[in-house]
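Listing of run.cif; format and content: mmCIF, C-alpha atoms and all ligand atoms.
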```
data_model
#
loop_
_atom_site.label_atom_id
_atom_site.label_comp_id
_atom_site.auth_asym_id
_atom_site.auth_seq_id
_atom_site.Cartn_x
_atom_site.Cartn_y
_atom_site.Cartn_z
CA MET A 1 -15.23 -58.51 -17.00
CA ASN A 2 -13.73 -60.19 -19.97
CA SER A 3 -10.30 -60.67 -18.59
CA ASP A 4 -11.53 -63.39 -16.32
CA LYS A 5 -12.84 -65.66 -19.03
CA LYS A 6 -11.22 -69.03 -18.63
CA THR A 7 -9.69 -70.96 -21.44
CA ALA A 8 -10.46 -74.23 -19.70
CA GLY A 9 -13.91 -75.53 -20.47
CA GLU A 10 -16.14 -78.33 -21.45
CA ILE A 11 -14.47 -81.11 -23.36
CA ARG A 12 -16.69 -83.23 -25.52
CA GLU A 13 -16.31 -86.02 -28.06
CA PHE A 14 -17.58 -85.03 -31.49
CA PRO A 15 -20.03 -87.26 -33.34
CA GLU A 16 -18.22 -88.90 -36.24
CA SER A 17 -20.39 -87.22 -38.89
CA GLN A 18 -19.47 -83.75 -37.68
CA ASN A 19 -15.81 -84.41 -37.18
CA LEU A 20 -14.45 -82.76 -40.32
CA ASN A 21 -10.78 -82.08 -40.64
CA ARG A 22 -9.25 -78.72 -41.43
CA ARG A 23 -8.84 -79.47 -45.13
CA ASP A 24 -12.56 -80.25 -45.44
CA PHE A 25 -13.29 -76.99 -43.76
CA LEU A 26 -11.12 -74.79 -45.85
CA ALA A 27 -12.46 -76.46 -48.99
CA THR A 28 -16.02 -75.88 -47.84
CA SER A 29 -15.29 -72.33 -46.87
CA ALA A 30 -13.64 -71.59 -50.19
CA ALA A 31 -16.58 -73.11 -52.02
CA PHE A 32 -18.87 -70.58 -50.41
CA ALA A 33 -16.67 -67.78 -51.65
CA PHE A 34 -17.30 -68.89 -55.20
CA ALA A 35 -20.85 -70.15 -54.87
CA GLY A 36 -22.32 -67.21 -52.98
CA THR A 37 -23.98 -64.20 -54.54
CA PHE A 38 -22.02 -61.23 -53.40
CA ASN A 39 -24.17 -58.27 -52.58
CA PRO A 40 -22.17 -55.13 -52.13
CA GLY A 41 -25.22 -53.17 -51.14
CA LEU A 42 -28.48 -53.50 -49.33
CA ARG A 43 -30.28 -56.72 -50.07
CA SER A 44 -33.77 -56.23 -51.38
CA ALA A 45 -36.80 -58.22 -50.30
CA SER A 46 -36.42 -60.42 -53.38
CA GLY A 47 -33.11 -61.63 -52.07
CA HIS A 48 -31.06 -59.83 -54.72
CA SER A 49 -28.63 -57.06 -54.12
CA THR A 50 -29.29 -53.46 -55.01
CA ALA A 51 -26.26 -51.65 -56.30
CA SER A 52 -24.86 -48.97 -54.04
CA GLY A 53 -21.23 -48.89 -55.02
CA ALA A 54 -18.81 -50.56 -52.69
CA ARG A 55 -20.78 -49.60 -49.63
CA HIS A 56 -21.84 -52.67 -47.71
CA GLN A 57 -24.82 -51.41 -45.85
CA SER A 58 -26.38 -53.11 -42.88
CA ALA A 59 -29.75 -54.21 -44.13
CA ALA A 60 -31.29 -53.44 -40.81
CA ALA A 61 -29.72 -50.05 -40.46
CA THR A 62 -31.76 -48.53 -43.22
CA SER A 63 -35.15 -50.04 -42.59
CA SER A 64 -37.88 -48.16 -40.80
CA LYS A 65 -40.41 -51.01 -40.77
CA VAL A 66 -40.50 -53.79 -38.20
CA GLN A 67 -37.47 -55.99 -38.67
CA ARG A 68 -37.90 -59.72 -38.60
CA VAL A 69 -35.04 -61.37 -36.75
CA ILE A 70 -33.81 -64.76 -35.63
CA ILE A 71 -31.65 -64.56 -32.52
CA ASP A 72 -28.79 -67.05 -32.42
CA THR A 73 -27.38 -67.00 -28.91
CA ASP A 74 -25.57 -68.68 -26.01
CA PRO A 75 -27.24 -67.29 -22.87
CA GLY A 76 -25.17 -66.07 -21.09
CA VAL A 77 -25.81 -63.03 -18.92
CA ASP A 78 -25.43 -60.37 -21.61
CA ASP A 79 -27.25 -62.63 -24.09
CA SER A 80 -30.12 -62.75 -21.58
CA ILE A 81 -30.31 -58.96 -21.43
CA ALA A 82 -30.12 -58.81 -25.23
CA ILE A 83 -32.96 -61.31 -25.65
CA LEU A 84 -35.15 -59.46 -23.15
CA LEU A 85 -34.41 -56.19 -24.95
CA ALA A 86 -35.36 -57.69 -28.31
CA LEU A 87 -38.56 -59.26 -26.96
CA ARG A 88 -39.62 -55.89 -25.54
CA SER A 89 -38.86 -53.85 -28.64
CA PRO A 90 -41.69 -53.22 -31.12
CA GLU A 91 -39.15 -52.45 -33.84
CA LEU A 92 -38.19 -56.13 -33.90
CA LYS A 93 -40.25 -59.23 -34.57
CA VAL A 94 -38.38 -62.18 -33.09
CA GLU A 95 -39.23 -65.17 -35.30
CA ALA A 96 -37.15 -67.72 -33.40
CA ILE A 97 -34.34 -68.12 -30.90
CA THR A 98 -31.65 -70.67 -31.67
CA PRO A 99 -29.37 -71.46 -28.74
CA VAL A 100 -25.82 -72.66 -29.37
CA CYS A 101 -23.06 -73.82 -27.05
CA GLY A 102 -20.67 -71.09 -25.97
CA ASN A 103 -20.73 -69.30 -22.65
CA VAL A 104 -22.04 -72.56 -21.20
CA PRO A 105 -22.88 -75.89 -22.85
CA LEU A 106 -26.04 -76.30 -24.92
CA GLU A 107 -27.65 -78.27 -22.09
CA LEU A 108 -27.77 -74.93 -20.28
CA THR A 109 -28.14 -72.37 -23.08
CA LEU A 110 -31.28 -74.15 -24.33
CA PRO A 111 -33.22 -74.12 -21.02
CA ASN A 112 -31.91 -70.62 -20.33
CA ALA A 113 -33.43 -69.38 -23.60
CA LEU A 114 -36.70 -71.08 -22.69
CA ARG A 115 -36.62 -69.41 -19.27
CA LEU A 116 -36.12 -66.03 -20.93
CA VAL A 117 -39.14 -66.33 -23.24
CA GLU A 118 -41.19 -67.30 -20.18
CA ILE A 119 -39.88 -64.36 -18.14
CA ALA A 120 -40.75 -62.03 -21.02
CA GLY A 121 -44.19 -63.61 -21.43
CA ARG A 122 -43.26 -64.51 -25.02
CA THR A 123 -43.61 -68.27 -25.21
CA ASP A 124 -45.03 -67.72 -28.69
CA VAL A 125 -41.41 -67.43 -29.90
CA PRO A 126 -40.01 -70.87 -30.81
CA VAL A 127 -36.71 -71.89 -29.27
CA ALA A 128 -34.85 -74.43 -31.41
CA PRO A 129 -31.76 -76.31 -30.19
CA GLY A 130 -28.52 -75.76 -32.06
CA ALA A 131 -24.99 -77.09 -31.93
CA SER A 132 -23.62 -78.73 -28.79
CA HIS A 133 -20.00 -78.30 -29.89
CA PRO A 134 -17.97 -76.12 -32.24
CA LEU A 135 -17.34 -77.32 -35.80
CA THR A 136 -13.90 -78.81 -35.19
CA ARG A 137 -12.70 -77.74 -31.78
CA ARG A 138 -13.34 -78.64 -28.19
CA LEU A 139 -15.79 -76.33 -26.52
CA VAL A 140 -14.30 -73.59 -24.36
CA THR A 141 -16.88 -71.96 -22.10
CA ALA A 142 -16.95 -68.70 -20.14
CA LYS A 143 -18.50 -69.88 -16.90
CA SER A 144 -16.21 -67.63 -14.93
CA ALA A 145 -17.92 -64.63 -16.51
CA HIS A 146 -21.47 -65.98 -16.74
CA GLY A 147 -21.73 -68.32 -13.75
CA ASN A 148 -21.92 -72.09 -13.87
CA ASN A 149 -25.52 -71.93 -15.09
CA GLY A 150 -24.96 -69.09 -17.59
CA MET A 151 -27.30 -66.79 -15.66
CA ALA A 152 -24.82 -65.45 -13.13
CA GLY A 153 -25.69 -68.29 -10.75
CA VAL A 154 -29.21 -66.92 -10.25
CA GLU A 155 -31.67 -69.79 -10.05
CA PHE A 156 -34.79 -69.25 -12.13
CA PRO A 157 -37.49 -71.95 -12.21
CA ALA A 158 -37.05 -74.78 -14.68
CA PRO A 159 -38.88 -73.85 -17.88
CA ALA A 160 -42.25 -75.44 -18.53
CA THR A 161 -42.04 -74.51 -22.20
CA LYS A 162 -40.69 -77.18 -24.53
CA PRO A 163 -38.10 -76.56 -27.23
CA SER A 164 -39.19 -76.57 -30.84
CA ARG A 165 -39.23 -79.95 -32.59
CA GLU A 166 -37.18 -78.40 -35.36
CA SER A 167 -33.45 -78.02 -34.87
CA ALA A 168 -31.79 -74.62 -35.16
CA ASN A 169 -30.64 -75.48 -38.67
CA GLU A 170 -34.08 -76.56 -39.74
CA ILE A 171 -35.89 -73.59 -38.31
CA ILE A 172 -33.40 -71.04 -39.70
CA SER A 173 -33.51 -72.65 -43.11
CA ARG A 174 -37.29 -72.87 -43.15
CA ILE A 175 -37.98 -69.34 -41.94
CA VAL A 176 -35.44 -67.79 -44.29
CA ARG A 177 -36.70 -69.80 -47.27
CA GLU A 178 -40.30 -68.86 -46.53
CA ASN A 179 -39.32 -65.18 -46.31
CA PRO A 180 -36.48 -64.53 -48.77
CA GLY A 181 -34.75 -61.21 -48.21
CA GLU A 182 -36.76 -60.52 -45.05
CA ILE A 183 -34.87 -62.15 -42.19
CA THR A 184 -31.94 -60.65 -40.33
CA ILE A 185 -29.98 -63.02 -38.11
CA VAL A 186 -28.71 -61.57 -34.86
CA ALA A 187 -25.72 -63.70 -33.90
CA LEU A 188 -24.75 -63.32 -30.25
CA GLY A 189 -22.67 -66.44 -29.70
CA PRO A 190 -20.15 -68.59 -31.55
CA LEU A 191 -21.19 -68.79 -35.20
CA THR A 192 -21.50 -72.58 -35.25
CA ASN A 193 -25.24 -72.71 -35.98
CA ILE A 194 -25.02 -70.19 -38.79
CA ALA A 195 -22.05 -71.92 -40.43
CA THR A 196 -23.82 -75.25 -40.13
CA VAL A 197 -26.90 -73.88 -41.89
CA LEU A 198 -24.78 -72.36 -44.66
CA ARG A 199 -23.01 -75.66 -45.20
CA ALA A 200 -26.24 -77.66 -45.20
CA ASP A 201 -28.22 -75.21 -47.34
CA PRO A 202 -25.79 -72.99 -49.30
CA GLU A 203 -28.54 -71.38 -51.36
CA ILE A 204 -29.98 -69.56 -48.38
CA SER A 205 -27.00 -67.21 -48.14
CA ALA A 206 -28.59 -65.21 -50.96
CA MET A 207 -31.93 -65.09 -49.08
CA ILE A 208 -30.67 -63.83 -45.72
CA ARG A 209 -31.18 -60.09 -45.41
CA GLY A 210 -28.13 -59.64 -43.22
CA ILE A 211 -26.36 -60.86 -40.12
CA ALA A 212 -25.66 -58.57 -37.17
CA ILE A 213 -22.79 -60.27 -35.40
CA MET A 214 -21.54 -59.70 -31.88
CA GLY A 215 -18.02 -60.90 -32.24
CA GLY A 216 -14.53 -60.07 -33.28
CA SER A 217 -12.35 -57.09 -32.64
CA LEU A 218 -9.95 -54.91 -34.56
CA SER A 219 -8.27 -53.86 -31.31
CA GLY A 220 -7.26 -57.03 -29.47
CA GLY A 221 -9.17 -59.83 -27.87
CA ASN A 222 -10.74 -60.62 -24.55
CA ILE A 223 -10.05 -64.32 -24.14
CA SER A 224 -6.65 -64.27 -25.84
CA PRO A 225 -4.56 -61.27 -26.82
CA SER A 226 -5.86 -61.61 -30.37
CA ALA A 227 -9.30 -63.16 -30.25
CA GLU A 228 -12.73 -62.19 -29.05
CA PHE A 229 -14.55 -65.04 -27.26
CA ASN A 230 -17.25 -65.90 -29.84
CA PHE A 231 -14.75 -66.13 -32.70
CA TYR A 232 -12.19 -67.89 -30.50
CA VAL A 233 -14.67 -70.64 -29.64
CA ASP A 234 -15.39 -71.43 -33.29
CA PRO A 235 -13.00 -69.70 -35.68
CA GLU A 236 -13.83 -72.07 -38.54
CA ALA A 237 -17.50 -71.14 -38.26
CA ALA A 238 -16.67 -67.44 -38.17
CA ARG A 239 -14.57 -67.87 -41.29
CA ILE A 240 -17.42 -69.54 -43.17
CA VAL A 241 -19.75 -66.68 -42.23
CA PHE A 242 -17.28 -63.97 -43.24
CA ASP A 243 -16.71 -65.77 -46.56
CA SER A 244 -20.45 -66.13 -47.17
CA HIS A 245 -21.14 -62.86 -49.04
CA ILE A 246 -24.10 -62.19 -46.79
CA PRO A 247 -24.28 -58.51 -45.72
CA LEU A 248 -22.59 -58.52 -42.32
CA THR A 249 -22.41 -56.03 -39.50
CA MET A 250 -19.66 -56.76 -36.99
CA VAL A 251 -20.30 -55.35 -33.54
CA GLY A 252 -16.99 -56.20 -31.94
CA LEU A 253 -15.08 -55.38 -28.80
CA ASP A 254 -13.98 -52.08 -30.35
CA VAL A 255 -17.41 -50.75 -29.43
CA THR A 256 -18.91 -53.25 -26.99
CA ARG A 257 -16.17 -52.67 -24.42
CA LYS A 258 -17.36 -49.06 -24.25
CA VAL A 259 -20.91 -49.79 -23.07
CA LEU A 260 -20.52 -50.69 -19.41
CA LEU A 261 -23.47 -51.47 -17.18
CA HIS A 262 -22.69 -50.45 -13.62
CA GLU A 263 -24.21 -50.19 -10.16
CA ASP A 264 -26.54 -47.26 -10.95
CA HIS A 265 -28.09 -49.16 -13.84
CA VAL A 266 -28.58 -52.21 -11.63
CA LYS A 267 -30.45 -50.12 -9.07
CA LEU A 268 -32.82 -48.88 -11.79
CA LEU A 269 -33.48 -52.44 -12.90
CA GLU A 270 -34.09 -53.58 -9.33
CA ALA A 271 -36.44 -50.69 -8.59
CA ALA A 272 -38.82 -51.45 -11.46
CA GLN A 273 -41.53 -53.94 -10.61
CA ASN A 274 -41.90 -56.06 -13.68
CA PRO A 275 -40.67 -59.63 -14.25
CA VAL A 276 -38.22 -58.67 -16.99
CA SER A 277 -36.58 -55.88 -15.04
CA GLN A 278 -36.46 -58.00 -11.88
CA ALA A 279 -34.82 -60.90 -13.70
CA ALA A 280 -32.30 -58.60 -15.38
CA GLY A 281 -31.65 -56.87 -12.06
CA ARG A 282 -30.99 -60.16 -10.27
CA MET A 283 -28.52 -61.37 -12.89
CA MET A 284 -26.74 -58.05 -13.08
CA ARG A 285 -26.61 -57.67 -9.29
CA ALA A 286 -25.00 -61.11 -8.97
CA THR A 287 -22.54 -60.27 -11.73
CA ILE A 288 -21.56 -56.90 -10.27
CA GLU A 289 -21.15 -58.31 -6.76
CA ARG A 290 -18.93 -61.10 -8.04
CA MET A 291 -16.73 -58.54 -9.81
CA ARG A 292 -16.27 -56.26 -6.82
CA ASP A 293 -12.95 -57.73 -5.74
CA SER A 294 -11.36 -57.60 -9.17
CA HIS A 295 -12.86 -54.53 -10.86
CA ASN A 296 -13.09 -50.98 -9.58
CA PRO A 297 -15.76 -49.93 -10.27
CA PRO A 298 -17.43 -53.24 -11.16
CA ALA A 299 -19.15 -53.04 -14.54
CA MET A 300 -20.17 -55.46 -17.25
CA ALA A 301 -19.78 -54.80 -20.96
CA MET A 302 -23.12 -55.07 -22.76
CA HIS A 303 -21.71 -56.86 -25.81
CA ASP A 304 -24.84 -58.63 -26.97
CA PRO A 305 -27.42 -55.97 -25.99
CA LEU A 306 -25.48 -53.41 -28.03
CA THR A 307 -25.81 -55.61 -31.09
CA VAL A 308 -29.58 -55.81 -30.65
CA ALA A 309 -29.80 -52.09 -29.87
CA SER A 310 -27.94 -51.23 -33.06
CA LEU A 311 -30.81 -52.75 -35.03
CA ILE A 312 -33.41 -50.82 -33.05
CA ASP A 313 -31.56 -47.51 -33.34
CA PRO A 314 -28.82 -47.55 -35.98
CA THR A 315 -27.55 -44.14 -34.87
CA ILE A 316 -26.05 -45.72 -31.73
CA LEU A 317 -23.15 -47.08 -33.78
CA THR A 318 -20.85 -45.63 -36.38
CA LEU A 319 -20.02 -48.29 -38.96
CA ARG A 320 -17.17 -48.44 -41.45
CA ASP A 321 -16.52 -50.77 -44.37
CA PHE A 322 -13.85 -53.40 -43.82
CA TYR A 323 -12.71 -56.60 -45.41
CA VAL A 324 -12.48 -58.92 -42.44
CA GLU A 325 -10.70 -62.25 -42.48
CA ILE A 326 -10.72 -64.76 -39.67
CA GLU A 327 -7.51 -66.44 -38.59
CA THR A 328 -8.03 -70.19 -38.28
CA SER A 329 -4.55 -71.63 -38.55
CA GLY A 330 -2.62 -69.58 -36.03
CA GLU A 331 -1.21 -71.56 -33.13
CA LEU A 332 -1.66 -68.53 -30.87
CA THR A 333 -4.11 -66.40 -32.78
CA ALA A 334 -7.03 -68.58 -33.94
CA GLY A 335 -10.23 -66.56 -33.95
CA GLU A 336 -8.51 -63.25 -34.56
CA SER A 337 -10.44 -60.96 -36.91
CA VAL A 338 -8.12 -59.08 -39.23
CA GLY A 339 -9.70 -56.01 -40.82
CA TYR A 340 -8.43 -54.35 -44.00
CA GLN A 341 -9.64 -50.93 -45.00
CA ARG A 342 -7.92 -50.60 -48.34
CA VAL A 343 -5.52 -52.29 -50.71
CA PRO A 344 -2.84 -53.53 -50.61
CA MET A 345 -4.00 -56.23 -48.22
CA HIS A 346 -0.71 -57.67 -47.08
CA LYS A 347 -0.99 -61.09 -45.52
CA SER A 348 1.92 -63.11 -44.13
CA ALA A 349 4.91 -63.16 -46.48
CA PRO A 350 5.09 -66.33 -48.58
CA LEU A 351 7.48 -69.02 -47.42
CA GLU A 352 10.64 -69.47 -49.48
CA THR A 353 10.33 -72.39 -51.88
CA SER A 354 12.10 -73.60 -54.99
CA GLU A 355 9.05 -72.61 -57.06
CA PRO A 356 9.37 -69.52 -59.27
CA GLU A 357 8.08 -66.34 -57.67
CA PRO A 358 4.38 -65.79 -58.49
CA PRO A 359 3.47 -62.60 -60.39
CA GLU A 360 2.38 -59.71 -58.17
CA SER A 361 -1.39 -59.92 -57.75
CA VAL A 362 -3.61 -56.99 -58.63
CA GLN A 363 -6.00 -56.39 -55.76
CA THR A 364 -9.29 -54.60 -55.57
CA PHE A 365 -10.85 -53.66 -52.25
CA THR A 366 -14.23 -55.31 -51.68
CA PRO A 367 -15.52 -54.96 -48.15
CA ASN A 368 -17.37 -57.90 -46.64
CA ALA A 369 -18.56 -56.29 -43.40
CA ARG A 370 -19.55 -53.04 -41.83
CA VAL A 371 -17.73 -52.79 -38.53
CA GLY A 372 -18.75 -50.79 -35.48
CA VAL A 373 -15.99 -48.25 -34.81
CA GLU A 374 -17.69 -45.75 -32.51
CA VAL A 375 -20.60 -45.95 -30.10
CA ASP A 376 -22.88 -43.49 -28.34
CA SER A 377 -22.97 -45.19 -24.94
CA GLU A 378 -25.43 -42.73 -23.42
CA LYS A 379 -27.89 -43.25 -26.25
CA PHE A 380 -27.54 -47.00 -25.81
CA PHE A 381 -28.38 -46.95 -22.10
CA ASN A 382 -31.20 -44.47 -22.70
CA LEU A 383 -32.69 -47.13 -24.92
CA LEU A 384 -31.85 -50.23 -22.88
CA ILE A 385 -32.90 -49.30 -19.36
CA PRO A 386 -36.40 -47.94 -20.15
CA ARG A 387 -37.10 -50.91 -22.43
CA LEU A 388 -36.40 -53.28 -19.54
CA THR A 389 -38.00 -51.25 -16.77
CA GLU A 390 -41.19 -49.96 -18.38
CA ALA A 391 -44.37 -51.57 -17.06
CA LYS A 392 -45.83 -54.04 -19.53
CA SER A 393 -46.30 -57.79 -19.88
C1 LIG B 1 -19.10 -62.32 -26.19
O1 LIG B 1 -18.66 -63.45 -25.45
C2 LIG B 1 -19.65 -63.88 -24.58
O2 LIG B 1 -19.12 -64.22 -23.35
C3 LIG B 1 -20.67 -62.77 -24.48
O3 LIG B 1 -21.96 -63.31 -24.29
C4 LIG B 1 -20.54 -62.08 -25.81
O4 LIG B 1 -21.38 -62.65 -26.78
C5 LIG B 1 -18.17 -61.17 -25.83
O5 LIG B 1 -16.87 -61.50 -26.17
CA CA B 2 -23.13 -64.23 -26.22
#
```
What would you get if you wrote out this structure as structure tokens?
Amino acid sequence: MNSDKKTAGEIREFPESQNLNRRDFLATSAAFAFAGTFNPGLRSASGHSTASGARHQSAAATSSKVQRVIIDTDPGVDDSIAILLALRSPELKVEAITPVCGNVPLELTLPNALRLVEIAGRTDVPVAPGASHPLTRRLVTAKSAHGNNGMAGVEFPAPATKPSRESANEIISRIVRENPGEITIVALGPLTNIATVLRADPEISAMIRGIAIMGGSLSGGNISPSAEFNFYVDPEAARIVFDSHIPLTMVGLDVTRKVLLHEDHVKLLEAAQNPVSQAAGRMMRATIERMRDSHNPPAMAMHDPLTVASLIDPTILTLRDFYVEIETSGELTAGESVGYQRVPMHKSAPLETSEPEPPESVQTFTPNARVGVEVDSEKFFNLLIPRLTEAKS
């Protein structure tokens, strides 16, 4: 599925105001590292950390009450399934959906998100438009995987619902500020919107309960040998988020490649007579049929739905503490996520200069993310399929 993502994509001119150079970015990113409030443990409702040693717990993973989430997303076939799953799950209260460019341009991800809230009968959920291009790079899309319209080429009616008047940045900032320590962001696309919010409103990093991120990989990429698609599209944004000191959960390819939706699942979706299951079945049928020539058996990795499911049932994933850094300067490796599990954290050897050798640095290991390392695929599908097929709405 992922091997056929194209590197060619939409090419856009950036508005002058957003066209920061790399130096601006690294300076901004570094500033977050010093300005943020690092919370090594679970963030409490007051927005402050509660000490729990070096363990960097997923805020969501330990909560039994309804979790309030904002879904940042680039629908996208698997994003669509993830959104439908979230909207049908009583464990989650979706406060807003904030589309971003990624799998397809924003002109498509925005109406697609509106279509999905209509299909789910949840037009009460505001959909606020986000970034139309990555922070500094030209947009690379994944139309080959998600169809030219981002919904596997399946034509759903144009949405009657209008987008929110607030932008993604405004709505995220407002909702988080009104509910400090309560909101978990579920990031299913390039991290451009989240990074933009953190740059515009740095104080909110201490008020965000956590971010569950679909992205990255500690075992090779899917669009390049090193990078996973979401981080590849906007490595600078990913770097800002990983430097933010917000409790992060990284649901990367290490686990998402292991949850494969195949023909039998599609038949179950098609057999159920509700609008959500029918829509999911149509998109997945189109996807599977398109893959038949190149994949045996055809199957699509449920990257984004797994990220949502891990909030609903934390026992689906096994998480481990890592310190994850995002490569932004590599000519061949931009977007790679490099995970350290202990000190010493050797980076590239310093270049030879005439300067005296710096003293050896003393390192301590401070994880910045909990990373999915194992997944119970059966448990995941036992959650996903009934949630989409059960009769309601
Ligand atoms: C990620 O890339 C996108 O194509 C999918 O929607 C998912 O978020 C997987 O690499
Ligand atoms: Ca996505």
Distance query stretch 368-383 of chain A at most 6 Å, all atoms listed in the file, self and fewer than 6 positions along chain excluded, as number ranges by chain: A: 248-251, 255, 259, 316-323
Okay, now the selection with C-alpha atoms, as a PDB file, in the coordinates of the input?
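As a result, part_32.pdb now contains:
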```pdb
ATOM      1  CA  LEU A 248     -22.590 -58.520 -42.320  1.00  0.00           C
ATOM      2  CA  THR A 249     -22.410 -56.030 -39.500  1.00  0.00           C
ATOM      3  CA  MET A 250     -19.660 -56.760 -36.990  1.00  0.00           C
ATOM      4  CA  VAL A 251     -20.300 -55.350 -33.540  1.00  0.00           C
ATOM      5  CA  VAL A 255     -17.410 -50.750 -29.430  1.00  0.00           C
ATOM      6  CA  VAL A 259     -20.910 -49.790 -23.070  1.00  0.00           C
ATOM      7  CA  ILE A 316     -26.050 -45.720 -31.730  1.00  0.00           C
ATOM      8  CA  LEU A 317     -23.150 -47.080 -33.780  1.00  0.00           C
ATOM      9  CA  THR A 318     -20.850 -45.630 -36.380  1.00  0.00           C
ATOM     10  CA  LEU A 319     -20.020 -48.290 -38.960  1.00  0.00           C
ATOM     11  CA  ARG A 320     -17.170 -48.440 -41.450  1.00  0.00           C
ATOM     12  CA  ASP A 321     -16.520 -50.770 -44.370  1.00  0.00           C
ATOM     13  CA  PHE A 322     -13.850 -53.400 -43.820  1.00  0.00           C
ATOM     14  CA  TYR A 323     -12.710 -56.600 -45.410  1.00  0.00           C
TER      15      TYR A 323
END
```
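For the set A:Leu114, A:Leu191, A:Ala142, A:Ala128, the residue with the smallest atom-to-atom gap to A:Asn222 is A:Ala142, counting all atoms listed in the file.
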Nearby residues (all atoms listed in the file) at most 9 Å from A:Pro297, same-chain spacing under 3 positions excluded, as an MDAnalysis selection string: chainID A and resid 262:263 291:292 294
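Those protein and nucleic acid residues that have any atom within 7 Å of ligand LIG 1 (chain B) are, using all atoms listed in the file, Asp74, Pro75, Gly76, Val77, Asp78, Asp79, Asn103, Ala142, Ala145, Leu188, Gly189, Met214, Gly215, Asn222, Glu228, Phe229, Asn230, Leu253, His303 and Asp304 of chain A.
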May I have a table of the residues of stretch 240-267 of chain A lying at most 12 Å from stretch 339-356 of chain A, giving each one's closest pair of atoms and their distance in Å to one decimal, counting only C-alpha atoms, ordered by chain and ascending residue number, as a tab-separated table?
```
residue	atom	partner	partner_atom	distance
A:Phe242	CA	A:Gly339	CA	11.3
A:Met250	CA	A:Gly339	CA	10.7
A:Gly252	CA	A:Gly339	CA	11.5
A:Asp254	CA	A:Gly339	CA	12.0
```
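Distances from A:Thr73, A:Ser164, A:Ser277, A:Ser329 to A:Ile385 were compared using all atoms listed in the file, and the smallest one belongs to A:Ser277.
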